[in-house]
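Some notes on the structure that comes next.
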Amino acid sequence: MLVSAKDMLEKARDGKYAVGQFNINNLEWTKAVLQTAEEMKSPVILGVSEGAGKYMTGYKTVAAMVKAMIEELKITVPVALHLDHGSYDGCYKCIEAGFSSIMFDGSHYPIAENVEKTTELVKVCAEKGLSIEAEVGSIGGEEDGVVGMGECADPDECKQVADLGVTMLAAGIGNIHGKYPENWAGLSFDTLAAIKDKVGDMPLVLHGGTGIPEDQIKKAISLGVAKINVNTECQLSFADGTRKYIEAGKDLEGKGFDPRKLLAPGTEAIKATVKEKMELFGSVGKA
Ligand code: 13P
């Protein structure tokens, strides 16, 4: 079922676990994440960045593929199709294309403009039954060519944006996208606790899930994080599985060059990573 992320995140917040957002890039990715969610009986959020949306030829293709796949694979767990780090225009395109959830990333606007645009999108999403994520304090690292420095969000600004009626809130707490550098200071739990204190029941979102140590993930969940985004780790797993297949010369054996065979080890590797994350986040059996 394609659903908004609202119910699954409220349940996660109350049950002290987190729902994984796994970014998708193509058919194999989508299939791997959906099948694993079904196998694990876990709710799941499929994340689509603007770059990935473009790569897959547009949001309409993505929405049609995901909806059809849910039906053809008989997926019964709740699935949200979510725009990741959406621009103002991108949000409207995804609403029109049939996504069930959007993130409006207004973190690079001055707070007043972030508030104004978020307010407008909250209203549109409420009318159409979509969930909406907002961001305060930019998440570091590189994503789709946009490099953020990884700041810690101002808890008062978080409260201001949470009060606009968003479904979930992403706040920078020293997390970054991609691999963490050797000298990374770790998540700022003081910031997270101060934000939680201000925003109360609002489910919080942790971006940059790749490479955060398990104890920090668990602590973040205990402090109100109900959604964790993972992208790079599935990409690394896929690349690793594919490389091993080619390095072993398997593509040169028989019909090993058939894309259905060539992409299978990478796809299985994505499944293993998604499974591992669902276990760590505590969402297994919660669908
Ligand atoms: P990673 O690529 O670091 O896992 O981050 C994913 C993310 O936060 C997507 O918004």
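To be explicit about the labels: the chains of the structure tokens are called A, B, and onward in the order shown, and within each one the residues are counted from 1, while ligands get numbers from 1 in the order they are shown.
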Show which residues sit within 10 Å of range 133-138 of chain A, as a compact mmCIF listing (two decimals) with N, CA and C atoms, in the first residue's frame. Count only C-alpha atoms, and ignore same-chain residues fewer than 2 positions away.
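Ended up saving to part-v1.txt:
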```
# COMPACT_ATOMS: atom_id res chain seq x y z
N ALA A 5 3.53 9.07 5.11
CA ALA A 5 4.44 8.56 6.16
C ALA A 5 3.94 8.90 7.57
N HIS A 82 8.57 9.08 -1.23
CA HIS A 82 8.93 10.37 -0.64
C HIS A 82 9.99 11.10 -1.46
N LEU A 83 9.74 12.36 -1.76
CA LEU A 83 10.76 13.19 -2.42
C LEU A 83 11.78 13.60 -1.37
N ASP A 84 13.06 13.35 -1.67
CA ASP A 84 14.14 13.64 -0.71
C ASP A 84 14.79 14.98 -1.08
N HIS A 85 14.92 15.87 -0.13
CA HIS A 85 15.52 17.19 -0.36
C HIS A 85 14.91 17.92 -1.56
N GLY A 86 13.59 18.02 -1.54
CA GLY A 86 12.91 18.65 -2.67
C GLY A 86 13.08 20.15 -2.72
N SER A 101 4.45 11.48 -0.21
CA SER A 101 5.17 12.23 0.82
C SER A 101 6.23 13.11 0.14
N ILE A 102 6.49 14.27 0.70
CA ILE A 102 7.54 15.11 0.14
C ILE A 102 8.40 15.70 1.27
N MET A 103 9.63 16.03 0.90
CA MET A 103 10.46 16.83 1.80
C MET A 103 10.70 18.14 1.08
N PHE A 104 10.36 19.22 1.75
CA PHE A 104 10.74 20.53 1.22
C PHE A 104 11.99 20.96 1.99
N ASP A 105 13.10 21.02 1.27
CA ASP A 105 14.35 21.41 1.91
C ASP A 105 14.57 22.91 1.70
N GLY A 106 14.06 23.68 2.65
CA GLY A 106 14.22 25.13 2.57
C GLY A 106 15.34 25.61 3.46
N SER A 107 16.24 24.65 3.84
CA SER A 107 17.27 24.99 4.83
C SER A 107 18.25 26.04 4.32
N HIS A 108 18.36 26.18 2.98
CA HIS A 108 19.30 27.17 2.44
C HIS A 108 18.67 28.54 2.29
N TYR A 109 17.36 28.64 2.54
CA TYR A 109 16.71 29.96 2.51
C TYR A 109 16.86 30.62 3.88
N ILE A 111 15.45 31.93 7.27
CA ILE A 111 14.37 31.23 8.00
C ILE A 111 12.98 31.76 7.62
N ASN A 114 12.01 30.16 4.36
CA ASN A 114 11.78 28.73 4.62
C ASN A 114 10.39 28.56 5.23
N VAL A 115 10.06 29.40 6.21
CA VAL A 115 8.77 29.33 6.89
C VAL A 115 7.62 29.61 5.91
N THR A 118 7.33 26.68 3.38
CA THR A 118 6.89 25.46 4.08
C THR A 118 5.40 25.58 4.43
N LEU A 121 3.30 24.81 1.42
CA LEU A 121 3.32 23.39 1.05
C LEU A 121 2.60 22.52 2.08
N VAL A 122 2.65 22.91 3.34
CA VAL A 122 1.92 22.17 4.38
C VAL A 122 0.42 22.17 4.04
N SER A 131 2.24 13.42 3.45
CA SER A 131 3.06 13.84 4.58
C SER A 131 4.14 14.79 4.06
N GLY A 140 25.33 18.26 6.37
CA GLY A 140 26.60 18.38 5.66
C GLY A 140 26.80 17.35 4.57
N GLY A 141 27.95 17.43 3.93
CA GLY A 141 28.30 16.46 2.89
C GLY A 141 27.76 16.88 1.55
N VAL A 147 26.68 20.99 -1.67
CA VAL A 147 27.52 20.68 -0.53
C VAL A 147 27.10 21.51 0.68
N GLY A 148 26.71 20.83 1.75
CA GLY A 148 26.34 21.52 2.99
C GLY A 148 27.47 21.35 3.99
N MET A 149 27.61 22.25 4.92
CA MET A 149 28.72 22.19 5.86
C MET A 149 28.39 21.38 7.13
N GLY A 150 27.15 20.97 7.31
CA GLY A 150 26.82 20.16 8.49
C GLY A 150 26.73 21.00 9.74
N GLU A 151 25.68 21.79 9.84
CA GLU A 151 25.55 22.65 11.01
C GLU A 151 24.63 21.99 12.03
N CYS A 152 24.60 22.60 13.22
CA CYS A 152 23.62 22.15 14.19
C CYS A 152 22.47 23.15 14.14
N ALA A 153 21.25 22.61 14.04
CA ALA A 153 20.08 23.47 13.90
C ALA A 153 19.82 24.25 15.18
N ASP A 154 19.21 25.42 15.02
CA ASP A 154 18.81 26.23 16.16
C ASP A 154 17.47 25.68 16.68
N PRO A 155 17.42 25.24 17.94
CA PRO A 155 16.18 24.63 18.47
C PRO A 155 14.96 25.54 18.37
N GLU A 157 14.39 27.75 15.98
CA GLU A 157 13.95 27.71 14.57
C GLU A 157 13.24 26.38 14.28
N CYS A 158 13.72 25.30 14.91
CA CYS A 158 13.07 23.99 14.75
C CYS A 158 11.63 24.07 15.24
N LYS A 159 11.45 24.72 16.39
CA LYS A 159 10.10 24.85 16.96
C LYS A 159 9.21 25.67 16.02
N GLN A 160 9.80 26.74 15.48
CA GLN A 160 9.05 27.61 14.56
C GLN A 160 8.55 26.82 13.34
N VAL A 161 9.41 25.97 12.79
CA VAL A 161 9.04 25.20 11.60
C VAL A 161 8.12 24.03 11.98
N ALA A 162 8.39 23.38 13.10
CA ALA A 162 7.54 22.26 13.54
C ALA A 162 6.10 22.74 13.75
N LEU A 164 4.46 24.75 12.14
CA LEU A 164 3.73 25.04 10.89
C LEU A 164 2.83 23.87 10.50
N GLY A 165 3.01 22.73 11.21
CA GLY A 165 2.15 21.58 10.90
C GLY A 165 2.79 20.58 9.98
N VAL A 166 4.13 20.58 9.90
CA VAL A 166 4.80 19.54 9.10
C VAL A 166 4.61 18.19 9.80
N THR A 167 4.80 17.12 9.04
CA THR A 167 4.63 15.78 9.61
C THR A 167 5.86 15.34 10.37
N MET A 168 7.02 15.71 9.84
CA MET A 168 8.29 15.30 10.47
C MET A 168 9.34 16.37 10.17
N LEU A 169 10.33 16.41 11.04
CA LEU A 169 11.31 17.48 10.92
C LEU A 169 12.74 16.94 10.91
N ALA A 170 13.48 17.35 9.86
CA ALA A 170 14.90 17.00 9.79
C ALA A 170 15.67 18.18 10.37
N ALA A 171 16.54 17.89 11.31
CA ALA A 171 17.33 18.97 11.91
C ALA A 171 18.79 18.54 11.91
N GLY A 172 19.65 19.45 11.51
CA GLY A 172 21.08 19.14 11.51
C GLY A 172 21.58 18.98 12.94
N ILE A 173 22.24 17.86 13.21
CA ILE A 173 22.85 17.65 14.54
C ILE A 173 24.27 17.13 14.36
N GLY A 174 24.93 17.69 13.33
CA GLY A 174 26.32 17.28 13.06
C GLY A 174 26.41 16.09 12.12
N ASN A 175 25.26 15.66 11.59
CA ASN A 175 25.23 14.53 10.64
C ASN A 175 25.55 15.04 9.24
N ILE A 176 26.14 14.18 8.43
CA ILE A 176 26.42 14.55 7.04
C ILE A 176 26.08 13.40 6.10
N PRO A 203 7.86 13.85 15.14
CA PRO A 203 8.86 12.84 14.78
C PRO A 203 10.08 13.50 14.11
N LEU A 204 11.26 13.16 14.57
CA LEU A 204 12.48 13.78 14.02
C LEU A 204 13.14 12.84 13.01
N VAL A 205 13.83 13.46 12.05
CA VAL A 205 14.45 12.70 10.97
C VAL A 205 15.96 12.85 11.03
```
Quick one: pick out all alpha helix (DSSP H) residues within range 77-225 of chain A from a backbone DSSP run and write them as an NGL selection string.
:A and (88-97 or 111-128 or 155-162 or 189-199 or 214-222)
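Using only C-alpha atoms and all ligand atoms, the nearest neighbour of ligand 1 within the list A:Ser87, A:Ser283, A:Asn229, A:Ser237 is A:Asn229.
With only C-alpha atoms and all ligand atoms as the basis for measurement, A:Lys179 is the residue among A:Lys179, A:Lys244, A:Lys219, A:Lys255 that approaches ligand 1 most closely.
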How would you report the residues lying within 9 Å of ligand 1, as number ranges by chain, if you count only C-alpha atoms and all ligand atoms?
A: 21-23, 47-49, 84-85, 139, 141-143, 175-180, 205-212, 228-235
May I have the selected residues written with C-alpha atoms, as an mmCIF file, in the first residue's frame?
```
data_model
loop_
_atom_site.group_PDB
_atom_site.id
_atom_site.type_symbol
_atom_site.label_atom_id
_atom_site.label_comp_id
_atom_site.auth_asym_id
_atom_site.auth_seq_id
_atom_site.Cartn_x
_atom_site.Cartn_y
_atom_site.Cartn_z
ATOM 1 C CA GLN A 21 14.108 5.789 4.291
ATOM 2 C CA PHE A 22 16.054 3.985 1.599
ATOM 3 C CA ASN A 23 16.822 5.995 -1.510
ATOM 4 C CA GLY A 47 13.397 8.151 -0.958
ATOM 5 C CA VAL A 48 13.822 9.781 -4.360
ATOM 6 C CA SER A 49 16.296 12.630 -4.735
ATOM 7 C CA ASP A 84 14.143 13.638 -0.715
ATOM 8 C CA HIS A 85 15.522 17.192 -0.360
ATOM 9 C CA ILE A 139 22.953 18.573 6.610
ATOM 10 C CA GLY A 141 28.297 16.464 2.891
ATOM 11 C CA GLU A 142 27.503 16.320 -0.771
ATOM 12 C CA GLU A 143 24.199 15.347 -2.307
ATOM 13 C CA ASN A 175 25.234 14.532 10.643
ATOM 14 C CA ILE A 176 26.419 14.551 7.042
ATOM 15 C CA HIS A 177 25.560 12.731 3.832
ATOM 16 C CA GLY A 178 27.990 10.169 2.472
ATOM 17 C CA LYS A 179 30.911 8.612 4.324
ATOM 18 C CA TYR A 180 31.928 10.249 7.601
ATOM 19 C CA VAL A 205 14.451 12.701 10.967
ATOM 20 C CA LEU A 206 18.103 11.731 10.924
ATOM 21 C CA HIS A 207 19.729 12.199 7.529
ATOM 22 C CA GLY A 208 23.087 10.743 6.583
ATOM 23 C CA GLY A 209 22.369 7.320 8.125
ATOM 24 C CA THR A 210 25.366 5.749 6.357
ATOM 25 C CA GLY A 211 28.222 5.008 8.722
ATOM 26 C CA ILE A 212 26.713 6.293 11.977
ATOM 27 C CA ILE A 228 16.511 7.502 9.405
ATOM 28 C CA ASN A 229 17.695 8.087 5.836
ATOM 29 C CA VAL A 230 20.124 5.690 4.210
ATOM 30 C CA ASN A 231 21.469 6.120 0.703
ATOM 31 C CA THR A 232 25.247 5.795 0.301
ATOM 32 C CA GLU A 233 25.455 2.493 2.196
ATOM 33 C CA CYS A 234 23.164 0.734 -0.311
ATOM 34 C CA GLN A 235 25.216 2.226 -3.158
#
```
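Distances to Tyr88 in chain A were evaluated for A:Asp197, A:Glu113, A:Met1, A:Ile246 using only C-alpha atoms, and the minimum falls at A:Glu113.
Going from CA of Val124 in chain A over to CA of Ile95 in chain A, you cover 8.8 Å.
Counting only C-alpha atoms and comparing A:Lys93, A:Lys117, A:Lys261, A:Lys277, the residue that lies closest to Lys227 in chain A is A:Lys277.
For the pair CA of Lys31 in chain A and CA of Cys125 in chain A, the separation is 26.9 Å.
Take CA of Val19 in chain A and CA of Thr57 in chain A: the distance between them is 27.3 Å.
Ranking A:Glu116, A:Glu28, A:Glu71, A:Glu276 by their shortest atom-to-atom distance to Leu262 in chain A, with only C-alpha atoms included, puts A:Glu28 first.
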Write out as JSON, numbers by chain which residues come within 12 Å of Gly224 in chain A when counting only C-alpha atoms, dropping same-chain ones fewer than 6 positions away.
{"A": [9, 10, 11, 12, 13, 14, 15, 16, 17, 18, 168, 169, 170, 171, 189, 192, 193, 194, 195, 196, 197, 198, 199, 200, 201, 202, 203, 204, 205, 206, 217, 218]}
Counting only C-alpha atoms, the option among A:Leu263, A:Cys91, A:Val44, A:Val79 closest to Val66 in chain A:
A:Val79
